[in-house]
>>> print(open('data-v4.cif').read())   # mmCIF, C-alpha atoms
data_model
loop_
_atom_site.group_PDB
_atom_site.id
_atom_site.type_symbol
_atom_site.label_atom_id
_atom_site.label_comp_id
_atom_site.auth_asym_id
_atom_site.auth_seq_id
_atom_site.Cartn_x
_atom_site.Cartn_y
_atom_site.Cartn_z
ATOM 1 C CA MET A 144 0.000 0.000 0.000
ATOM 2 C CA LEU A 145 1.266 3.426 -0.926
ATOM 3 C CA LYS A 146 1.815 5.630 2.066
ATOM 4 C CA ILE A 147 1.693 9.379 1.716
ATOM 5 C CA THR A 148 3.601 11.392 4.241
ATOM 6 C CA LEU A 149 2.715 15.046 4.571
ATOM 7 C CA VAL A 150 5.647 17.289 5.312
ATOM 8 C CA THR A 151 4.716 20.544 6.967
ATOM 9 C CA THR A 152 7.045 23.463 6.740
ATOM 10 C CA PRO A 153 7.225 25.379 10.023
ATOM 11 C CA LYS A 154 6.049 28.937 9.735
ATOM 12 C CA PRO A 155 8.779 31.503 10.167
ATOM 13 C CA PRO A 156 8.599 33.361 13.479
ATOM 14 C CA ARG A 157 6.733 36.643 13.378
ATOM 15 C CA PHE A 158 8.346 39.794 14.645
ATOM 16 C CA PRO A 159 6.499 42.929 15.768
ATOM 17 C CA LEU A 160 6.570 45.471 12.973
ATOM 18 C CA LEU A 161 7.133 49.146 13.616
ATOM 19 C CA ARG A 162 3.504 50.017 12.927
ATOM 20 C CA THR A 163 2.389 47.397 15.459
ATOM 21 C CA GLN A 164 4.682 48.830 18.115
ATOM 22 C CA ARG A 165 3.430 52.338 17.445
ATOM 23 C CA LEU A 166 -0.207 51.220 17.532
ATOM 24 C CA LEU A 167 0.353 49.596 20.931
ATOM 25 C CA ALA A 168 2.037 52.771 22.191
ATOM 26 C CA ILE A 169 -0.901 54.904 21.020
ATOM 27 C CA CYS A 170 -3.404 52.522 22.617
ATOM 28 C CA LEU A 171 -1.465 52.643 25.877
ATOM 29 C CA LEU A 172 -1.418 56.455 25.797
ATOM 30 C CA ILE A 173 -5.182 56.563 25.270
ATOM 31 C CA ALA A 174 -5.720 54.025 28.060
ATOM 32 C CA GLN A 175 -3.478 55.937 30.484
ATOM 33 C CA ALA A 176 -5.490 59.101 29.918
ATOM 34 C CA GLY A 177 -8.780 57.210 29.787
ATOM 35 C CA ILE A 178 -8.460 55.589 33.205
ATOM 36 C CA THR A 179 -8.214 59.040 34.789
ATOM 37 C CA VAL A 180 -11.608 59.828 33.246
ATOM 38 C CA THR A 181 -13.185 56.678 34.684
ATOM 39 C CA GLY A 182 -11.559 57.577 37.996
ATOM 40 C CA SER A 183 -13.249 60.979 37.875
ATOM 41 C CA ILE A 184 -16.579 59.244 37.242
ATOM 42 C CA VAL A 185 -15.939 57.238 40.407
ATOM 43 C CA ARG A 186 -15.453 60.539 42.227
ATOM 44 C CA VAL A 187 -18.488 62.467 40.972
ATOM 45 C CA THR A 188 -20.841 59.503 41.495
ATOM 46 C CA GLY A 189 -19.665 59.092 45.086
ATOM 47 C CA SER A 190 -18.478 55.549 44.366
ATOM 48 C CA GLY A 191 -14.935 55.819 45.747
ATOM 49 C CA LEU A 192 -15.681 53.437 48.611
ATOM 50 C CA GLY A 193 -17.979 51.172 46.604
ATOM 51 C CA CYS A 194 -15.150 48.708 47.238
ATOM 52 C CA PRO A 195 -14.065 49.781 50.746
ATOM 53 C CA THR A 196 -10.952 47.582 50.957
ATOM 54 C CA TRP A 197 -7.920 46.819 48.838
ATOM 55 C CA PRO A 198 -6.672 44.680 47.117
ATOM 56 C CA THR A 199 -10.006 42.918 47.673
ATOM 57 C CA CYS A 200 -13.285 44.672 46.934
ATOM 58 C CA ASN A 201 -14.869 43.662 50.241
ATOM 59 C CA GLU A 202 -13.503 41.828 53.245
ATOM 60 C CA GLY A 203 -12.840 38.278 52.109
ATOM 61 C CA SER A 204 -14.068 38.869 48.561
ATOM 62 C CA LEU A 205 -12.224 39.983 45.446
ATOM 63 C CA VAL A 206 -15.530 40.937 43.797
ATOM 64 C CA PRO A 207 -18.505 43.050 44.901
ATOM 65 C CA VAL A 208 -20.831 41.555 47.523
ATOM 66 C CA ALA A 209 -24.572 42.112 47.269
ATOM 67 C CA GLY A 210 -25.762 44.557 49.912
ATOM 68 C CA ALA A 211 -22.291 45.614 51.071
ATOM 69 C CA ALA A 212 -22.783 48.967 49.311
ATOM 70 C CA PRO A 213 -25.194 50.322 46.697
ATOM 71 C CA TRP A 214 -24.774 48.105 43.630
ATOM 72 C CA ILE A 215 -24.155 51.024 41.299
ATOM 73 C CA HIS A 216 -21.288 52.300 43.465
ATOM 74 C CA GLN A 217 -19.755 48.839 43.637
ATOM 75 C CA ALA A 218 -20.089 48.396 39.877
ATOM 76 C CA ILE A 219 -18.460 51.752 39.079
ATOM 77 C CA GLU A 220 -15.543 51.345 41.492
ATOM 78 C CA PHE A 221 -14.926 47.681 40.666
ATOM 79 C CA GLY A 222 -15.154 48.435 36.948
ATOM 80 C CA ASN A 223 -12.536 51.133 37.324
ATOM 81 C CA ARG A 224 -10.258 48.696 39.118
ATOM 82 C CA LEU A 225 -10.661 46.141 36.328
ATOM 83 C CA LEU A 226 -9.422 48.693 33.787
ATOM 84 C CA THR A 227 -6.016 48.448 35.463
ATOM 85 C CA PHE A 228 -5.688 44.980 33.936
ATOM 86 C CA VAL A 229 -6.303 46.463 30.485
ATOM 87 C CA LEU A 230 -3.416 48.855 31.114
ATOM 88 C CA VAL A 231 -1.214 46.008 32.344
ATOM 89 C CA ALA A 232 -2.015 43.936 29.235
ATOM 90 C CA LEU A 233 -1.210 46.825 26.888
ATOM 91 C CA ALA A 234 2.002 47.708 28.712
ATOM 92 C CA LEU A 235 3.124 44.065 28.726
ATOM 93 C CA ALA A 236 2.342 43.620 25.029
ATOM 94 C CA LEU A 237 4.253 46.799 24.194
ATOM 95 C CA PHE A 238 7.252 45.808 26.308
ATOM 96 C CA ILE A 239 7.439 42.346 24.756
ATOM 97 C CA SER A 240 7.112 43.805 21.246
ATOM 98 C CA VAL A 241 10.000 46.263 21.649
ATOM 99 C CA LEU A 242 12.150 43.547 23.229
ATOM 100 C CA ARG A 243 11.490 41.113 20.367
ATOM 101 C CA ALA A 244 12.139 43.848 17.821
ATOM 102 C CA LYS A 245 15.496 44.575 19.500
ATOM 103 C CA ARG A 246 14.692 48.259 19.852
ATOM 104 C CA ARG A 247 17.200 50.738 21.290
ATOM 105 C CA LYS A 248 17.521 51.123 25.067
ATOM 106 C CA GLU A 249 15.645 54.435 25.158
ATOM 107 C CA VAL A 250 12.485 52.809 23.784
ATOM 108 C CA VAL A 251 12.819 49.713 25.973
ATOM 109 C CA TYR A 252 13.304 51.818 29.127
ATOM 110 C CA HIS A 253 10.228 53.907 28.315
ATOM 111 C CA ALA A 254 8.119 50.782 27.779
ATOM 112 C CA PHE A 255 9.403 49.244 31.021
ATOM 113 C CA ALA A 256 8.661 52.450 32.949
ATOM 114 C CA GLN A 257 5.037 52.283 31.835
ATOM 115 C CA GLY A 258 4.599 48.813 33.314
ATOM 116 C CA VAL A 259 6.268 49.707 36.604
ATOM 117 C CA GLY A 260 4.296 52.943 36.803
ATOM 118 C CA ILE A 261 0.976 51.146 36.385
ATOM 119 C CA ILE A 262 1.783 48.783 39.260
ATOM 120 C CA VAL A 263 2.897 51.638 41.524
ATOM 121 C CA GLN A 264 -0.200 53.617 40.592
ATOM 122 C CA ALA A 265 -2.481 50.705 41.496
ATOM 123 C CA VAL A 266 -0.865 50.486 44.922
ATOM 124 C CA ILE A 267 -1.274 54.227 45.482
ATOM 125 C CA GLY A 268 -4.934 53.921 44.514
ATOM 126 C CA GLY A 269 -5.395 51.133 47.033
ATOM 127 C CA ILE A 270 -3.759 53.206 49.756
ATOM 128 C CA SER A 271 -6.102 56.131 49.002
ATOM 129 C CA VAL A 272 -9.070 53.790 49.564
ATOM 130 C CA LEU A 273 -7.624 52.495 52.839
ATOM 131 C CA LEU A 274 -7.187 56.126 53.926
ATOM 132 C CA ASP A 275 -10.888 56.822 53.232
ATOM 133 C CA LEU A 276 -10.108 59.111 50.288
ATOM 134 C CA GLN A 277 -8.150 61.777 52.144
ATOM 135 C CA TRP A 278 -7.750 64.639 49.676
ATOM 136 C CA TRP A 279 -3.950 64.446 49.584
ATOM 137 C CA ALA A 280 -4.025 60.682 48.988
ATOM 138 C CA VAL A 281 -6.390 61.149 46.049
ATOM 139 C CA ALA A 282 -4.139 63.917 44.686
ATOM 140 C CA LEU A 283 -1.134 61.601 44.918
ATOM 141 C CA HIS A 284 -3.171 59.023 43.008
ATOM 142 C CA PHE A 285 -3.991 61.422 40.167
ATOM 143 C CA LEU A 286 -0.642 63.148 39.635
ATOM 144 C CA PRO A 287 1.378 59.987 38.803
ATOM 145 C CA SER A 288 -1.241 59.219 36.139
ATOM 146 C CA MET A 289 -0.374 62.510 34.460
ATOM 147 C CA ILE A 290 3.314 61.610 34.610
ATOM 148 C CA LEU A 291 2.548 58.299 32.924
ATOM 149 C CA VAL A 292 0.514 60.110 30.244
ATOM 150 C CA TRP A 293 3.450 62.478 29.644
ATOM 151 C CA LEU A 294 5.897 59.581 29.330
ATOM 152 C CA ALA A 295 3.515 57.579 27.131
ATOM 153 C CA ALA A 296 3.216 60.576 24.793
ATOM 154 C CA ILE A 297 6.995 60.814 24.500
ATOM 155 C CA LEU A 298 7.119 57.069 23.824
ATOM 156 C CA VAL A 299 4.619 57.449 20.951
ATOM 157 C CA VAL A 300 7.032 59.901 19.317
ATOM 158 C CA ARG A 301 10.245 58.017 20.051
ATOM 159 C CA ILE A 302 9.003 54.547 19.103
ATOM 160 C CA ALA A 303 8.273 55.712 15.533
ATOM 161 C CA GLU A 304 11.896 56.807 15.020
ATOM 162 C CA PRO A 305 14.282 54.219 13.493
ATOM 163 C CA ASP A 306 17.037 53.178 15.873
ATOM 164 C CA ASN A 307 19.797 53.627 13.297
ATOM 165 C CA GLY A 308 18.644 57.044 12.099
ATOM 166 C CA ALA A 309 20.892 59.999 12.863
ATOM 167 C CA VAL A 310 19.644 62.278 15.642
ATOM 168 C CA VAL A 311 18.760 65.729 14.290
ATOM 169 C CA PRO A 312 17.413 68.758 16.201
ATOM 170 C CA LEU A 313 14.053 70.049 15.011
ATOM 171 C CA TYR A 314 14.189 73.356 16.877
ATOM 172 C CA PRO A 315 16.946 75.327 18.657
ATOM 173 C CA ALA A 316 18.122 74.382 22.151
ATOM 174 C CA PRO A 317 16.778 77.585 23.806
ATOM 175 C CA LEU A 318 13.301 76.690 22.594
ATOM 176 C CA ARG A 319 13.717 73.253 24.109
ATOM 177 C CA TRP A 320 14.094 74.955 27.473
ATOM 178 C CA LEU A 321 10.961 76.954 26.736
ATOM 179 C CA ALA A 322 9.190 73.649 26.125
ATOM 180 C CA VAL A 323 10.519 72.438 29.485
ATOM 181 C CA GLY A 324 9.145 75.612 31.089
ATOM 182 C CA SER A 325 5.755 74.903 29.543
ATOM 183 C CA GLY A 326 5.876 71.400 31.019
ATOM 184 C CA VAL A 327 6.847 72.680 34.476
ATOM 185 C CA SER A 328 4.026 75.231 34.428
ATOM 186 C CA LEU A 329 1.641 72.421 33.477
ATOM 187 C CA ALA A 330 2.826 70.518 36.553
ATOM 188 C CA VAL A 331 1.955 73.545 38.702
ATOM 189 C CA VAL A 332 -1.484 73.696 37.045
ATOM 190 C CA LEU A 333 -2.095 70.024 37.823
ATOM 191 C CA ILE A 334 -0.899 70.286 41.426
ATOM 192 C CA THR A 335 -3.039 73.332 42.176
ATOM 193 C CA GLY A 336 -5.901 71.628 40.356
ATOM 194 C CA THR A 337 -5.797 68.697 42.778
ATOM 195 C CA MET A 338 -5.927 71.218 45.622
ATOM 196 C CA VAL A 339 -9.021 72.842 44.138
ATOM 197 C CA THR A 340 -10.589 69.393 43.858
ATOM 198 C CA GLY A 341 -9.528 68.610 47.424
ATOM 199 C CA ALA A 342 -11.359 71.690 48.683
ATOM 200 C CA GLY A 343 -14.367 71.191 46.391
ATOM 201 C CA PRO A 344 -17.716 69.454 46.850
ATOM 202 C CA HIS A 345 -16.899 66.071 45.274
ATOM 203 C CA SER A 346 -15.173 64.005 47.955
ATOM 204 C CA GLY A 347 -15.360 60.728 46.044
ATOM 205 C CA ASP A 348 -17.836 58.960 48.324
ATOM 206 C CA GLU A 349 -21.211 60.012 49.638
ATOM 207 C CA GLY A 350 -20.376 58.787 53.134
ATOM 208 C CA VAL A 351 -17.196 60.816 53.424
ATOM 209 C CA GLY A 352 -18.707 64.275 52.949
ATOM 210 C CA MET A 353 -16.272 67.077 53.750
ATOM 211 C CA GLU A 354 -14.293 64.983 56.226
ATOM 212 C CA GLY A 355 -10.668 64.742 55.175
ATOM 213 C CA ARG A 356 -11.073 67.586 52.679
ATOM 214 C CA LEU A 357 -8.575 70.401 52.165
ATOM 215 C CA GLN A 358 -9.619 73.170 54.520
ATOM 216 C CA VAL A 359 -8.809 76.296 52.504
ATOM 217 C CA ASP A 360 -10.819 79.012 50.823
ATOM 218 C CA ILE A 361 -11.774 77.394 47.540
ATOM 219 C CA ALA A 362 -12.000 80.770 45.784
ATOM 220 C CA GLU A 363 -8.399 81.603 46.679
ATOM 221 C CA ILE A 364 -7.000 78.246 45.598
ATOM 222 C CA ALA A 365 -9.101 78.387 42.399
ATOM 223 C CA HIS A 366 -7.571 81.775 41.553
ATOM 224 C CA LEU A 367 -4.081 80.375 42.173
ATOM 225 C CA HIS A 368 -4.926 77.487 39.856
ATOM 226 C CA ALA A 369 -6.184 79.919 37.202
ATOM 227 C CA HIS A 370 -3.022 82.061 37.394
ATOM 228 C CA ALA A 371 -0.910 78.925 36.897
ATOM 229 C CA MET A 372 -3.025 78.096 33.848
ATOM 230 C CA TYR A 373 -2.445 81.598 32.424
ATOM 231 C CA LEU A 374 1.297 81.099 32.841
ATOM 232 C CA TYR A 375 1.097 77.713 31.122
ATOM 233 C CA LEU A 376 -0.918 79.143 28.235
ATOM 234 C CA GLY A 377 1.422 82.131 27.902
ATOM 235 C CA LEU A 378 4.556 79.978 27.774
ATOM 236 C CA THR A 379 2.959 77.640 25.243
ATOM 237 C CA ILE A 380 1.913 80.535 23.006
ATOM 238 C CA GLY A 381 5.423 81.965 23.318
ATOM 239 C CA LEU A 382 6.895 78.620 22.304
ATOM 240 C CA VAL A 383 4.665 78.304 19.230
ATOM 241 C CA VAL A 384 5.388 81.879 18.134
ATOM 242 C CA ALA A 385 9.107 81.209 18.525
ATOM 243 C CA LEU A 386 8.754 78.011 16.479
ATOM 244 C CA LEU A 387 7.081 80.060 13.751
ATOM 245 C CA THR A 388 9.905 82.586 13.859
ATOM 246 C CA VAL A 389 12.582 79.958 13.287
ATOM 247 C CA SER A 390 10.476 78.099 10.676
ATOM 248 C CA ALA A 391 10.480 74.964 12.814
ATOM 249 C CA ASN A 392 9.278 71.520 11.805
ATOM 250 C CA LYS A 393 5.645 71.513 10.634
ATOM 251 C CA ARG A 394 4.748 68.655 12.941
ATOM 252 C CA ALA A 395 5.903 70.603 15.995
ATOM 253 C CA LEU A 396 3.905 73.634 14.875
ATOM 254 C CA ASN A 397 0.753 71.582 14.346
ATOM 255 C CA LEU A 398 1.139 70.040 17.795
ATOM 256 C CA GLY A 399 1.650 73.491 19.293
ATOM 257 C CA TRP A 400 -1.451 75.037 17.718
ATOM 258 C CA THR A 401 -3.558 72.033 18.680
ATOM 259 C CA LEU A 402 -2.260 72.216 22.243
ATOM 260 C CA ILE A 403 -3.172 75.903 22.511
ATOM 261 C CA GLY A 404 -6.706 75.086 21.366
ATOM 262 C CA PHE A 405 -7.097 72.393 24.009
ATOM 263 C CA ILE A 406 -5.695 74.651 26.751
ATOM 264 C CA VAL A 407 -8.256 77.343 25.882
ATOM 265 C CA LEU A 408 -11.037 74.732 25.923
ATOM 266 C CA GLN A 409 -9.793 73.425 29.266
ATOM 267 C CA ALA A 410 -9.791 76.964 30.665
ATOM 268 C CA ALA A 411 -13.397 77.440 29.506
ATOM 269 C CA ILE A 412 -14.472 74.290 31.357
ATOM 270 C CA GLY A 413 -12.689 75.554 34.467
ATOM 271 C CA ILE A 414 -14.532 78.882 34.261
ATOM 272 C CA ILE A 415 -17.848 77.014 33.967
ATOM 273 C CA GLN A 416 -16.943 74.997 37.055
ATOM 274 C CA TYR A 417 -16.056 78.093 39.071
ATOM 275 C CA ASN A 418 -19.195 80.047 38.156
ATOM 276 C CA TRP A 419 -21.731 77.202 38.246
ATOM 277 C CA GLY A 420 -20.608 75.299 41.338
ATOM 278 C CA VAL A 421 -18.741 72.432 39.645
ATOM 279 C CA PRO A 422 -21.531 70.612 37.772
ATOM 280 C CA ARG A 423 -20.887 66.872 37.846
ATOM 281 C CA TRP A 424 -20.587 66.527 34.062
ATOM 282 C CA THR A 425 -17.718 68.997 33.963
ATOM 283 C CA VAL A 426 -15.428 66.902 36.173
ATOM 284 C CA PRO A 427 -14.831 63.976 33.741
ATOM 285 C CA VAL A 428 -14.504 66.489 30.882
ATOM 286 C CA HIS A 429 -11.972 68.570 32.825
ATOM 287 C CA VAL A 430 -9.976 65.504 33.834
ATOM 288 C CA GLY A 431 -10.076 64.110 30.310
ATOM 289 C CA LEU A 432 -8.783 67.382 28.893
ATOM 290 C CA SER A 433 -6.009 67.332 31.499
ATOM 291 C CA GLY A 434 -4.820 64.080 29.967
ATOM 292 C CA VAL A 435 -5.084 65.545 26.462
ATOM 293 C CA VAL A 436 -3.054 68.685 27.204
ATOM 294 C CA CYS A 437 -0.520 66.610 29.128
ATOM 295 C CA ALA A 438 -0.114 64.270 26.150
ATOM 296 C CA PHE A 439 0.245 67.085 23.621
ATOM 297 C CA THR A 440 2.703 68.939 25.858
ATOM 298 C CA GLY A 441 4.786 65.775 26.103
ATOM 299 C CA MET A 442 4.709 65.204 22.337
ATOM 300 C CA LEU A 443 5.614 68.849 21.636
ATOM 301 C CA TYR A 444 8.599 68.528 23.956
ATOM 302 C CA ALA A 445 9.636 65.231 22.328
ATOM 303 C CA CYS A 446 9.583 66.911 18.919
ATOM 304 C CA HIS A 447 12.650 69.001 19.802
ATOM 305 C CA GLN A 448 14.596 66.267 18.022
ATOM 306 C CA SER A 449 14.043 63.324 15.710
ATOM 307 C CA ARG A 450 15.964 60.710 13.743
ATOM 308 C CA THR A 451 16.555 60.678 10.007
ATOM 309 C CA PRO A 452 14.188 58.347 8.113
ATOM 310 C CA VAL A 453 15.462 54.838 7.378
ATOM 311 C CA ASP A 454 13.703 52.023 5.515
ATOM 312 C CA THR A 455 12.878 49.590 8.297
ATOM 313 C CA LEU A 456 10.286 46.985 9.219
ATOM 314 C CA THR A 457 10.815 46.732 12.971
ATOM 315 C CA GLY A 458 12.585 50.000 13.758
ATOM 316 C CA SER A 459 15.931 48.336 14.482
ATOM 317 C CA PRO A 460 18.666 46.810 12.279
ATOM 318 C CA GLU A 461 18.768 43.675 14.435
ATOM 319 C CA GLY A 462 15.027 43.183 14.199
ATOM 320 C CA ASP A 463 15.102 43.648 10.416
ATOM 321 C CA ALA A 464 17.976 41.161 10.151
ATOM 322 C CA LYS A 465 15.939 38.559 12.038
ATOM 323 C CA ILE A 466 13.040 38.956 9.635
ATOM 324 C CA THR A 467 15.385 38.620 6.671
ATOM 325 C CA ALA A 468 17.020 35.503 8.133
ATOM 326 C CA ALA A 469 13.663 33.913 8.943
ATOM 327 C CA SER A 470 12.375 34.445 5.401
ATOM 328 C CA VAL A 471 15.384 32.752 3.731
#
>>> encode(input="data-v4.cif", output="structure tokens")
Amino acid sequence: MLKITLVTTPKPPRFPLLRTQRLLAICLLIAQAGITVTGSIVRVTGSGLGCPTWPTCNEGSLVPVAGAAPWIHQAIEFGNRLLTFVLVALALALFISVLRAKRRKEVVYHAFAQGVGIIVQAVIGGISVLLDLQWWAVALHFLPSMILVWLAAILVVRIAEPDNGAVVPLYPAPLRWLAVGSGVSLAVVLITGTMVTGAGPHSGDEGVGMEGRLQVDIAEIAHLHAHAMYLYLGLTIGLVVALLTVSANKRALNLGWTLIGFIVLQAAIGIIQYNWGVPRWTVPVHVGLSGVVCAFTGMLYACHQSRTPVDTLTGSPEGDAKITAASV
């Protein structure tokens, strides 16, 4: 009897292409900013202690327990906690992809920092719950998220640059320092913003009330926050005008104009909050725009330099060589 033996040829290993790496970086940036919005929804719905313990949701249970708290509060808080695993999955996928593609150390370090930052941020969030949402604990939970958004935005820019491209400046060094000044002023805006929130009406849980809130005149701290925003806007406008003067890279200019537009929109939301007693709907919008301006500020700073274009599949010579070897 004639026997037929089927010979299967093993498929060549697949390596993460540059566009895949960049897509993961963009998704991670969106997720980093997005989880701050869901966190703000937790705050304005009074669901911060819907899961009153950490790392469990209730004593002896990782998931919500019927009757332990209003179901809607448990669902909102537990849902927000679950989003952390989405961030972890994205950060892990990105880190593995840049490792397999043999990307340069700068990119690998940025990807690694995202994963570590997410873990640290989760712990800080748990501590804020155990401290019954003290205003300063909640502020320390929010601010690292903005740092992670800033770093994720820089990673989106850097990951698209080929490793073996020559580094070239896109605008003069003095303007880079102006971009740094814009970033520092943004940090002041964010810090004073957490203080305004800490003195405001939304404590994060209906049972907490004004206990553990920042005991300052909210009008005074709101004015301080507004002045910091004016400084941030002024420095950003100055940077964009300077970029126009030196005929800087078009991408940097587009980022700058877009950033100015978002800052003005963010300021308008803040004015609405101040004059209409912080309507609940404005809080997620304000927080979301904080992530947007933070991301664009980070990308504008990252655009002070780039790398010359190189034909590449993975972004690195070693990664391209592996693809070539696997296809032979």
>>> axis_aligned_box(input="data-v4.cif", around="segment 164-168 of chain A", padding_each_side="6 Å", output="JSON")
{"center_x": 2.2, "center_y": 50.8, "center_z": 19.8, "size_x": 16.9, "size_y": 15.9, "size_z": 16.7}
>>> residues_near_point(input="data-v4.cif", point="(3.6, 50.6, 28.7)", cutoff="12 Å", atoms="all atoms listed in the file", output="PyMOL selection string")
chain A and resi 164-175+227+229-241+250-262+291-299+302
>>> resolve_selection(input="data-v4.cif", expression="the PyMOL selection byres ((chain A and resi 270) around 12)", output="list in words")
Leu192, Pro195, Thr196, Trp197, Pro198, Val263, Gln264, Ala265, Val266, Ile267, Gly268, Gly269, Ser271, Val272, Leu273, Leu274, Asp275, Leu276, Gln277, Trp279, Ala280, Val281, Ala282, Leu283 and His284 of chain A
>>> resolve_selection(input="data-v4.cif", expression="the PyMOL selection byres ((chain A and resi 224) around 10)", output="NGL selection string")
:A and (178 or 181-182 or 194 or 198 or 200 or 218-223 or 225-229 or 265 or 268-269)
>>> closest_residue(input="data-v4.cif", among="A:Asn307, A:Ser459, A:Ser328, A:Thr379", to="Phe405 of chain A", atoms="all atoms listed in the file")
A:Thr379
>>> atom_distance(input="data-v4.cif", atom1="atom CA of Pro317 of chain A", atom2="atom CA of Tyr444 of chain A")
12.2 Å
>>> atom_distance(input="data-v4.cif", atom1="atom CA of Asn397 of chain A", atom2="atom CA of Pro159 of chain A")
29.3 Å
